[in-house]
Number of protein chains: 2
Amino acid sequence: MSVQTSLNIPALMNIATRLRIDSVRSTTEAGSGHPSTCCSAAEIVAALFFAEMRYDAGDPQNPDNDRFVLSKGHAAPILYAAWAEAGYLKRDDLLKLRRFESDLEGHPMPRLPFVDVGTGSLGQGLCAGVGIALNARRIGSDYRTYVLLGDGESAEGSVWEAADVAAFHKLDSLCGITDVNALGQSGPTHLQHDTDALAGRWRAFGWNALAVDGHDLSAIHGALEKARQTRGRPTMILAKTLKGKGVSVMEGKGGWHGKPLKKGEELDKALAELQSQMVPEDAPAQRPDAPKSARRPAAKTGTIGASAYKRGDSVATREAYGAAIARLAATDDRIVALDADVKNSTFSEKFEQQHPHRFYQNFIAEQAMIGAAMGLASRGAIPFPSTFAAFLTRAYDFIRMAAISNLNVKMAGSHAGVSIGEDGPSQMALEDLAMMRAEPNITVLYPCDAVSTEKLIERMAYHPGPAYMRTSRPKTPVIYGPEDDFTVGGLKVLRESKEDAATVVGGGITVFEALKAYDQLKAQGVSIRVIDLYSLQPIDAATLMRCARETRGRVITVEDHYPGGGIGDAVASAIASEGFTVQRLAVAEVPRSGTPDELVDHYGISARHIVAAVRRV
Amino acid sequence: MSVQTSLNIPALMNIATRLRIDSVRSTTEAGSGHPSTCCSAAEIVAALFFAEMRYDAGDPQNPDNDRFVLSKGHAAPILYAAWAEAGYLKRDDLLKLRRFESDLEGHPMPRLPFVDVGTGSLGQGLCAGVGIALNARRIGSDYRTYVLLGDGESAEGSVWEAADVAAFHKLDSLCGITDVNALGQSGPTHLQHDTDALAGRWRAFGWNALAVDGHDLSAIHGALEKARQTRGRPTMILAKTLKGKGVSVMEGKGGWHGKPLKKGEELDKALAELQSQMVPEDAPAQRPDAPKSARRPAAKTGTIGASAYKRGDSVATREAYGAAIARLAATDDRIVALDADVKNSTFSEKFEQQHPHRFYQNFIAEQAMIGAAMGLASRGAIPFPSTFAAFLTRAYDFIRMAAISNLNVKMAGSHAGVSIGEDGPSQMALEDLAMMRAEPNITVLYPCDAVSTEKLIERMAYHPGPAYMRTSRPKTPVIYGPEDDFTVGGLKVLRESKEDAATVVGGGITVFEALKAYDQLKAQGVSIRVIDLYSLQPIDAATLMRCARETRGRVITVEDHYPGGGIGDAVASAIASEGFTVQRLAVAEVPRSGTPDELVDHYGISARHIVAAVRRV
């Protein structure tokens with residue numbers, strides 16, 4: 001609804017009441033869900049959807065639509081009710097809430113076209129909102145991004161990471177609204193109804209902050225208008241509300257979190273109360289204004305081009321990563337990169353140097369970085385967020401939600417394993433493969449040299465869904481050439497003969513330990529098969545099984561990773577169906593500082609240990 | 001050093017210079033490390049260790065010592081230098097920094113008795129500091145807790161989670177000092193030297209905030225004194241400093257993060273510069289004041305007592321969890337509990353009701369919760385932090401560091417798997433077992449009934465090191481009795497005969513699916529072995545191998561978890577050495593909302609699927 005028209009308050013009041021009625025009815029019908037948190041937000045949602053946002057209600061994915069992220073995802077019923085009110089959903093379908101056959105799940109999921117990112121893990125929506133707002137700049141759209149948060153979730157640190165980053169990027173197209181209903185799940189929130197204290201926090205983080213009565217439609221509308229007119233910084237509206245507003249049995253009362261009304265008298269009384277809140281309308285409710293649509297060239301798939309490396313070069317895969325994303329981005333403007341203040345270690349600085357306007361700094365805030373990548377991906381960008389692999393654990397809940405939402409987030413983690421050396425265990429990723437592989441739809445890649453890195457970056461960018469690439473700190477020799485092809489789900493058999501005594505499967509730096517072991521054993525008259533398992537998920541089970549068969553079931557895995565969930569488990573799981581098992585060499589304890597060579601040897605993953613393992617089998 | 005004595009500024013200046021010299025020399029000798037970030041903090045560390053903190057330098061673990069947490073863990077060399085200056089370490093040993101044989105690792109690790117929690121993943125120290133300060137209340141000590149942060153790491157959301165929680169708990173014994181050197185790893189920090197803006201953030205979060213010149217010893221000392229006199233809220237000192245202070249080649253300059261000086265001319269010039277900064281001392285440096293030591297009763301190991309349940313009761317393991325920690329705490333006052341606003345779902349509210357003073361609310365801030373638990377554990381408490389298992393992913397980096405530090409943090413995660421039903425995937429933990437098992441020293445327990453839950457709580461509390469218990473949402477029948485014993489690393493064979501056609505291994509709710517499958521197959525004349533794998537890590541490999549042998553290698557695992565890293569991988573890894581493989585039933589895709597029964601069946605982990613799998617093998 002445009003700014004110019006006068007506000008039709010009675011119509012909006014009735015919309016808010018209908019949103020409440022729908023939320024109460026659908027949760028009672030489902031027998032579970034969150035009516036109380038919907039009721040506190042009814043005026044906010046009514047004002048946003050029917051007096052503020054510009055969007056095509058028949059085309060929720062229109063690239064110029066204003067975006068709405070329901071960070072307090074448990075209020076899903078009111079989101080569905082709003083889209084029914086807007087005409088996109090059928091009102092009757094709201095009663096299928098939370099059923100297996102319905103897409104109206106307990107928390108919003110992006111299989112619904114009006115949901116950009118799955119929510120329900122609190123504190124993530126504003127991070128995604130930052131990415132969605134950055135995307136508007138990328139595509140040159142003037143769409144605005146609205147995020148509805150709960151006051152309870154504002155305790156999540158990720159919210160303040162997003163606050164800092166949004167202020168740094170001066171994202172004035174981003175507007176948050178906090179539904180300050182003062183009640184968390186298990187008790188009152190820390191600051192309860194002190195919207196001034198909350199506003200003070202946002203101002204201290206560089207935001208425009210406005211405290212309003214969250215049940216006063218004209219106050220909400222006025223704040224949204226001020227937000228729209230504010231330049232150079234995002235706005236947070238702190239809306240004081242009552243949880244369960246409009247339904248006397250739960251209004252402002254504890255003990256009503258996640259609890260539907262009982263069918264029968266309890267529901268009937270609530271519905272009657274809500275019905276009685278309907279007011280006469282002077283004029284019919286206005287429909288949302290359409291977005292200002294712009295024509296844009298169709299997206300073109302990019303290419304990495306000819307390899308930058310030749311066999312025998314010595315290049316760290318992390319460095320090849322940075323160069324590769326920069327080159328790919330030169331041919332596809334959907335490619336963007338995000339950093340958390342380690343761009344000179346991950347080499348994403350190469351991207352920044354060439355594409356500064358598509359490079360987003362998040363400072364040391366990994367959750368904000370992955371969350372922004374989720375938002376960017378949801379709007380058509382192909383984001384490459386990267387940091388030390390160890391610090392991606394910081395964002396695991398975001399990664400989990402990116403997997404649930406199946407977003408095109410292309411993560412990279414550098415400094416994997418004990419081979420980083422002296423910095424010690426806090427900087428070593430030894431569980432990142434396990435963490436990523438645990439999510440069934442995350443592609444997991446682990447190149448050992450620069451050529452495979454650059455080629456896999458191209459594959460990773462255009463393979464649908466979330467993906468992770470593990471890179472290493474030390475320089476490694478380039479062993480592949482322009483003729484080598486790499487695929488998601490592939491592997492390379494590097495040494496093979498009919499006499500192979502065992503199959504040794506490595507990844508990253510252990511590929512070179514396996515090759516050293518090959519040479520040592522060869523000198524002793526023993527040949528082994530050596531596999532570079534550059535794709536852990538999906539995995540080439542057929543070739544692994546063939547190799548297992550051809551080496552009489554003698555399969556040894558070696559990895560710069562803890563034993564659980566890494567290469568050993570991936571291979572074991574892939575070849576189990578033919579009855580093959582795996583002998584694993586992995587880092588079996590928490591390591592300490594030392595030189596890379598010292599640690600690789602001490603923790604049992606060097607060529608010497610591979611030779612011994614082959615001798616044993 | 002007590003407040004009363006006048007400050008010996010020249011002696012402190014020389015201490016600061018010596019700390020710089022040691023930091024510069026040790027990092028050059030190591031060939032890696034962070035001299036520049038040590039140099040910015042030299043006056044802060046000198047003032048803390050030699051004019052503020054009360055501690056017994058010969059007994060770093062004295063329970064009444066003031067505590068110091070180096071949140072900016074990459075400044076480890078200056079921490080070691082301070083303990084050498086205090087006389088605890090030998091100065092010569094500083095030159096062994098980062099060597100494999102030395103405990104002076106690249107980042108501080110708690111095998112050093114003056115390190116409470118391992119740091120090096122930024123943004124964690126203040127969370128631990130909250131726990132350490134809460135512990136002072138628990139044991140009735142007046143020790144104070146000091147945390148040294150970097151300005152760069154203040155972008156981490158976890159810092160603001162800690163800020164919120166510390167203010168809520170009115171932790172006036174907690175004092176943070178932010179070394180605002182304005183330079184991150186890869187560039188300037190967001191707010192650079194704007195200590196007023198930083199102070200504004202801390203004030204907005206309810207802290208006493210003081211901005212000072214971080215190279216002015218008397219200003220730092222004055223701020224520490226004000227902090228000590230402030231009641232009812234914690235203090236943050238924002239100390240404006242120069243990175244590399246005192247060494248002209250790097251002072252205030254970019255490009256010097258994590259870079260030692262070169263041996264030879266570069267080092268020699270720096271040392272000469274630093275030596276020239278030594279000043280005449282009027283009087284010898286004072287030694288730290290001793291702590292006020294209190295006598296306390298020796299800790300007693302508690303017991304859960306007689307079981308609260310009888311066979312046939314129907315109780316959710318999450319509910320048994322809450323009851324068990326409350327009962328154990330009644331007999332051991334080291335037991336404390338922490339919540340993140342879900343106490344009515346995890347049932348930790350039972351603990352709060354009985355032991356309100358040992359129950360710490362963190363609101364929706366999982367990182368702060370685990371971080372505080374780390375701090376509490378480091379000072380002798382036995383903390384049980386709990387939330388939905390899905391949301392422990394939020395704190396994975398903290399869990400990783402708790403594992404590296406081998407702290408007694410006893411985590412519990414409820415609402416595991418698709419059996420939670422309608423709330424949908426955002427609330428379902430399907431990767432928690434993988435996440436926890438990936439850390440080699442985390443004990444992982446997964447009881448299926450109330451009796452095993454309560455008995456395992458007792459085991460978990462007193463088993464050294466970090467541990468995780470997975471609990472379920474639905475009620476399950478009590479199948480164990482008072483005679484049943486449960487051990488870390490054990491399992492229960494629930495059905496066993498000589499004719500067993502296959503071994504079925506379940507955990508949690510799938511144990512009951514396996515028992516149903518047993519009944520159905522029995523009716524068809526087929527007997528199977530059924531195992532309750534309540535301890536995944538460590539795991540009873542011997543019994544699993546015996547069962548695999550006795551059922552001709554036919555082993556089926558069934559779990560309410562994704563395939564990677566859970567029960568299937570744990571069992572496969574345990575029995576691989578005898579050549580046995582596993583057939584896995586697990587949730588192989590991202591699930592959606594539905595009823596628990598519907599989902600358990602749809603995703604292939606119900607009795608029906610177990611029967612079919614047995615029929616196949």
# chains A, B, ... in the order shown; residues from 1 in each chain; ligands from 1
>>> residues_around(residues="His169 (chain A)", least_positions_apart="2", cutoff="12 Å", atoms="only C-alpha atoms", output="PyMOL selection string")
(chain A and resi 130-131+133-134+137+162-167+171-174+206-207+231-234+357+359-363+372) or (chain B and resi 190)
>>> write_last_selection(atoms="N, CA, C and O atoms", output="mmCIF file, in the first residue's frame")
data_model
loop_
_atom_site.group_PDB
_atom_site.id
_atom_site.type_symbol
_atom_site.label_atom_id
_atom_site.label_comp_id
_atom_site.auth_asym_id
_atom_site.auth_seq_id
_atom_site.Cartn_x
_atom_site.Cartn_y
_atom_site.Cartn_z
ATOM 1 N N VAL A 130 19.563 -9.580 6.237
ATOM 2 C CA VAL A 130 20.729 -8.825 5.773
ATOM 3 C C VAL A 130 21.110 -9.284 4.364
ATOM 4 O O VAL A 130 21.350 -8.459 3.463
ATOM 5 N N GLY A 131 21.140 -10.591 4.160
ATOM 6 C CA GLY A 131 21.491 -11.119 2.838
ATOM 7 C C GLY A 131 20.464 -10.745 1.784
ATOM 8 O O GLY A 131 20.820 -10.414 0.641
ATOM 9 N N ALA A 133 18.551 -8.120 1.819
ATOM 10 C CA ALA A 133 18.706 -6.694 1.543
ATOM 11 C C ALA A 133 19.957 -6.422 0.704
ATOM 12 O O ALA A 133 19.954 -5.562 -0.188
ATOM 13 N N LEU A 134 21.037 -7.152 0.974
ATOM 14 C CA LEU A 134 22.240 -6.996 0.129
ATOM 15 C C LEU A 134 21.927 -7.397 -1.308
ATOM 16 O O LEU A 134 22.435 -6.801 -2.262
ATOM 17 N N ARG A 137 20.563 -4.677 -3.552
ATOM 18 C CA ARG A 137 21.632 -3.863 -4.143
ATOM 19 C C ARG A 137 22.256 -4.569 -5.325
ATOM 20 O O ARG A 137 22.547 -3.957 -6.358
ATOM 21 N N ALA A 162 23.951 -9.720 13.233
ATOM 22 C CA ALA A 162 23.239 -9.136 12.092
ATOM 23 C C ALA A 162 23.099 -7.630 12.273
ATOM 24 O O ALA A 162 23.236 -6.856 11.313
ATOM 25 N N ALA A 163 22.829 -7.203 13.507
ATOM 26 C CA ALA A 163 22.684 -5.776 13.776
ATOM 27 C C ALA A 163 23.955 -5.029 13.387
ATOM 28 O O ALA A 163 23.922 -3.990 12.712
ATOM 29 N N ASP A 164 25.090 -5.579 13.788
ATOM 30 C CA ASP A 164 26.369 -4.929 13.506
ATOM 31 C C ASP A 164 26.640 -4.880 12.005
ATOM 32 O O ASP A 164 27.019 -3.839 11.455
ATOM 33 N N VAL A 165 26.427 -6.000 11.348
ATOM 34 C CA VAL A 165 26.717 -6.083 9.911
ATOM 35 C C VAL A 165 25.775 -5.181 9.106
ATOM 36 O O VAL A 165 26.204 -4.490 8.176
ATOM 37 N N ALA A 166 24.495 -5.171 9.487
ATOM 38 C CA ALA A 166 23.526 -4.351 8.755
ATOM 39 C C ALA A 166 23.865 -2.870 8.881
ATOM 40 O O ALA A 166 23.742 -2.099 7.917
ATOM 41 N N ALA A 167 24.312 -2.467 10.068
ATOM 42 C CA ALA A 167 24.709 -1.069 10.246
ATOM 43 C C ALA A 167 25.957 -0.765 9.434
ATOM 44 O O ALA A 167 26.056 0.290 8.788
ATOM 45 N N LEU A 171 22.285 -0.653 5.609
ATOM 46 C CA LEU A 171 21.162 -1.268 4.899
ATOM 47 C C LEU A 171 19.840 -0.598 5.248
ATOM 48 O O LEU A 171 19.043 -1.108 6.038
ATOM 49 N N ASP A 172 19.593 0.554 4.636
ATOM 50 C CA ASP A 172 18.360 1.274 4.960
ATOM 51 C C ASP A 172 17.128 0.637 4.320
ATOM 52 O O ASP A 172 16.002 1.042 4.618
ATOM 53 N N SER A 173 17.313 -0.357 3.479
ATOM 54 C CA SER A 173 16.141 -1.062 2.941
ATOM 55 C C SER A 173 15.703 -2.201 3.847
ATOM 56 O O SER A 173 14.757 -2.909 3.540
ATOM 57 N N LEU A 174 16.392 -2.355 4.948
ATOM 58 C CA LEU A 174 16.070 -3.419 5.904
ATOM 59 C C LEU A 174 15.319 -2.830 7.090
ATOM 60 O O LEU A 174 15.754 -1.841 7.678
ATOM 61 N N GLY A 206 23.805 1.194 16.048
ATOM 62 C CA GLY A 206 23.804 2.018 14.841
ATOM 63 C C GLY A 206 22.509 2.011 14.048
ATOM 64 O O GLY A 206 22.473 2.452 12.909
ATOM 65 N N TRP A 207 21.452 1.523 14.663
ATOM 66 C CA TRP A 207 20.161 1.465 13.966
ATOM 67 C C TRP A 207 19.284 2.653 14.349
ATOM 68 O O TRP A 207 19.426 3.244 15.419
ATOM 69 N N ARG A 231 17.499 7.136 5.788
ATOM 70 C CA ARG A 231 18.593 6.805 4.874
ATOM 71 C C ARG A 231 19.861 6.462 5.657
ATOM 72 O O ARG A 231 20.140 7.066 6.686
ATOM 73 N N GLY A 232 20.600 5.502 5.154
ATOM 74 C CA GLY A 232 21.943 5.238 5.674
ATOM 75 C C GLY A 232 22.005 4.287 6.849
ATOM 76 O O GLY A 232 23.096 3.941 7.307
ATOM 77 N N ARG A 233 20.838 3.871 7.356
ATOM 78 C CA ARG A 233 20.868 2.878 8.433
ATOM 79 C C ARG A 233 19.554 2.121 8.470
ATOM 80 O O ARG A 233 18.510 2.661 8.058
ATOM 81 N N PRO A 234 19.614 0.906 8.940
ATOM 82 C CA PRO A 234 18.388 0.110 9.050
ATOM 83 C C PRO A 234 17.544 0.584 10.230
ATOM 84 O O PRO A 234 18.030 1.314 11.103
ATOM 85 N N HIS A 357 32.224 -4.995 -5.035
ATOM 86 C CA HIS A 357 30.810 -4.735 -4.747
ATOM 87 C C HIS A 357 30.015 -6.013 -4.522
ATOM 88 O O HIS A 357 28.852 -5.953 -4.146
ATOM 89 N N PHE A 359 31.431 -8.450 -2.622
ATOM 90 C CA PHE A 359 32.162 -9.037 -1.500
ATOM 91 C C PHE A 359 31.616 -8.415 -0.217
ATOM 92 O O PHE A 359 31.615 -7.200 -0.073
ATOM 93 N N TYR A 360 31.147 -9.256 0.702
ATOM 94 C CA TYR A 360 30.495 -8.738 1.904
ATOM 95 C C TYR A 360 31.284 -9.136 3.142
ATOM 96 O O TYR A 360 31.416 -10.319 3.462
ATOM 97 N N GLN A 361 31.784 -8.130 3.831
ATOM 98 C CA GLN A 361 32.532 -8.359 5.058
ATOM 99 C C GLN A 361 31.561 -8.498 6.229
ATOM 100 O O GLN A 361 30.638 -7.698 6.377
ATOM 101 N N ASN A 362 31.771 -9.503 7.048
ATOM 102 C CA ASN A 362 30.921 -9.709 8.231
ATOM 103 C C ASN A 362 31.693 -9.572 9.536
ATOM 104 O O ASN A 362 31.150 -9.842 10.598
ATOM 105 N N PHE A 363 32.990 -9.205 9.447
ATOM 106 C CA PHE A 363 33.848 -9.217 10.631
ATOM 107 C C PHE A 363 33.771 -10.598 11.291
ATOM 108 O O PHE A 363 33.392 -11.570 10.616
ATOM 109 N N ALA A 372 23.509 -14.467 6.157
ATOM 110 C CA ALA A 372 23.412 -13.555 5.015
ATOM 111 C C ALA A 372 23.525 -14.329 3.709
ATOM 112 O O ALA A 372 22.828 -14.035 2.726
ATOM 113 N N HIS B 190 35.236 -2.883 12.646
ATOM 114 C CA HIS B 190 34.115 -2.045 12.238
ATOM 115 C C HIS B 190 34.165 -0.679 12.926
ATOM 116 O O HIS B 190 34.125 0.353 12.269
#
>>> select_by_dssp(residues="region 564-596 of chain B", states="alpha helix (DSSP H)", output="list in words")
Ile567, Gly568, Asp569, Ala570, Val571, Ala572, Ser573, Ala574, Ile575 and Pro596 of chain B
>>> write_last_selection(atoms="N, CA, C and O atoms", output="PDB file, in the first residue's frame")
ATOM      1  N   ILE B 567      24.062 -43.982  15.069  1.00  0.00           N
ATOM      2  CA  ILE B 567      24.174 -45.352  15.582  1.00  0.00           C
ATOM      3  C   ILE B 567      24.772 -46.280  14.522  1.00  0.00           C
ATOM      4  O   ILE B 567      25.627 -47.121  14.826  1.00  0.00           O
ATOM      5  N   GLY B 568      24.338 -46.126  13.295  1.00  0.00           N
ATOM      6  CA  GLY B 568      24.847 -46.990  12.226  1.00  0.00           C
ATOM      7  C   GLY B 568      26.360 -46.902  12.099  1.00  0.00           C
ATOM      8  O   GLY B 568      27.064 -47.920  12.078  1.00  0.00           O
ATOM      9  N   ASP B 569      26.868 -45.684  12.009  1.00  0.00           N
ATOM     10  CA  ASP B 569      28.313 -45.516  11.882  1.00  0.00           C
ATOM     11  C   ASP B 569      29.048 -45.985  13.136  1.00  0.00           C
ATOM     12  O   ASP B 569      30.146 -46.549  13.052  1.00  0.00           O
ATOM     13  N   ALA B 570      28.451 -45.746  14.300  1.00  0.00           N
ATOM     14  CA  ALA B 570      29.108 -46.152  15.547  1.00  0.00           C
ATOM     15  C   ALA B 570      29.250 -47.671  15.598  1.00  0.00           C
ATOM     16  O   ALA B 570      30.319 -48.200  15.938  1.00  0.00           O
ATOM     17  N   VAL B 571      28.171 -48.371  15.246  1.00  0.00           N
ATOM     18  CA  VAL B 571      28.215 -49.835  15.292  1.00  0.00           C
ATOM     19  C   VAL B 571      29.135 -50.357  14.187  1.00  0.00           C
ATOM     20  O   VAL B 571      29.950 -51.260  14.410  1.00  0.00           O
ATOM     21  N   ALA B 572      29.015 -49.782  12.994  1.00  0.00           N
ATOM     22  CA  ALA B 572      29.845 -50.243  11.873  1.00  0.00           C
ATOM     23  C   ALA B 572      31.319 -50.127  12.223  1.00  0.00           C
ATOM     24  O   ALA B 572      32.114 -51.042  11.974  1.00  0.00           O
ATOM     25  N   SER B 573      31.675 -49.009  12.813  1.00  0.00           N
ATOM     26  CA  SER B 573      33.067 -48.781  13.164  1.00  0.00           C
ATOM     27  C   SER B 573      33.517 -49.764  14.259  1.00  0.00           C
ATOM     28  O   SER B 573      34.655 -50.245  14.253  1.00  0.00           O
ATOM     29  N   ALA B 574      32.601 -50.100  15.172  1.00  0.00           N
ATOM     30  CA  ALA B 574      32.955 -50.975  16.294  1.00  0.00           C
ATOM     31  C   ALA B 574      33.182 -52.411  15.856  1.00  0.00           C
ATOM     32  O   ALA B 574      33.982 -53.130  16.461  1.00  0.00           O
ATOM     33  N   ILE B 575      32.470 -52.854  14.820  1.00  0.00           N
ATOM     34  CA  ILE B 575      32.555 -54.275  14.454  1.00  0.00           C
ATOM     35  C   ILE B 575      33.325 -54.505  13.157  1.00  0.00           C
ATOM     36  O   ILE B 575      33.430 -55.647  12.690  1.00  0.00           O
ATOM     37  N   PRO B 596       3.967 -38.066  15.042  1.00  0.00           N
ATOM     38  CA  PRO B 596       5.160 -38.887  15.319  1.00  0.00           C
ATOM     39  C   PRO B 596       5.081 -40.265  14.654  1.00  0.00           C
ATOM     40  O   PRO B 596       6.033 -40.672  13.967  1.00  0.00           O
TER      41      PRO B 596
END
>>> residues_around(residues="region 441-448 of chain B", least_positions_apart="3", cutoff="6 Å", atoms="only C-alpha atoms", output="PyMOL selection string")
chain B and resi 452-453+466-470+508+534-537
>>> residues_around(residues="Leu210 (chain B)", least_positions_apart="3", cutoff="8 Å", atoms="only C-alpha atoms", output="VMD selection string")
chain B and resid 199 223 235 to 238
>>> select_by_dssp(residues="region 278-468 of chain B", states="strand (DSSP E)", output="list in words")
Ser314, Val315, Ala316, Ile335, Val336, Ala337, Leu338, Asp339, Phe359, Tyr360, Gln361, Ile382, Pro383, Phe384, Pro385, Ser386, Thr387, Phe388, Lys410, Met411, Ala412, Gly413, Ser414, Thr443, Val444, Leu445, Ala467 and Tyr468 of chain B
>>> closest_residue(among="B:Ala337, B:Met109, B:Cys175, B:Ala326", to="chain A", atoms="only C-alpha atoms")
B:Met109
>>> residues_around(residues="Glu366 (chain B)", least_positions_apart="4", cutoff="7 Å", atoms="only C-alpha atoms", output="list in words")
Ala340, Ile370, Leu392, Arg394 and Ala395 of chain B
>>> write_last_selection(atoms="C-alpha atoms", output="PDB file, in the first residue's frame")
ATOM      1  CA  ALA B 340      17.959 -21.502  27.488  1.00  0.00           C
ATOM      2  CA  ILE B 370      27.379 -23.815  27.097  1.00  0.00           C
ATOM      3  CA  LEU B 392      22.834 -27.469  20.655  1.00  0.00           C
ATOM      4  CA  ARG B 394      23.995 -23.446  17.832  1.00  0.00           C
ATOM      5  CA  ALA B 395      26.758 -23.995  20.342  1.00  0.00           C
TER       6      ALA B 395
END
>>> closest_residue(among="A:Thr119, A:Ser307, A:Ser40, A:Thr557", to="chain B", atoms="only C-alpha atoms")
A:Thr119
>>> closest_residue(among="B:Asp56, B:Asp196, B:Asp103, B:Asp597", to="Gly87 (chain B)", atoms="only C-alpha atoms")
B:Asp56
>>> residues_around(residues="His257 (chain B)", least_positions_apart="4", cutoff="10 Å", atoms="only C-alpha atoms", output="PyMOL selection string")
chain B and resi 33-37+74+183-187+243-244+250+253
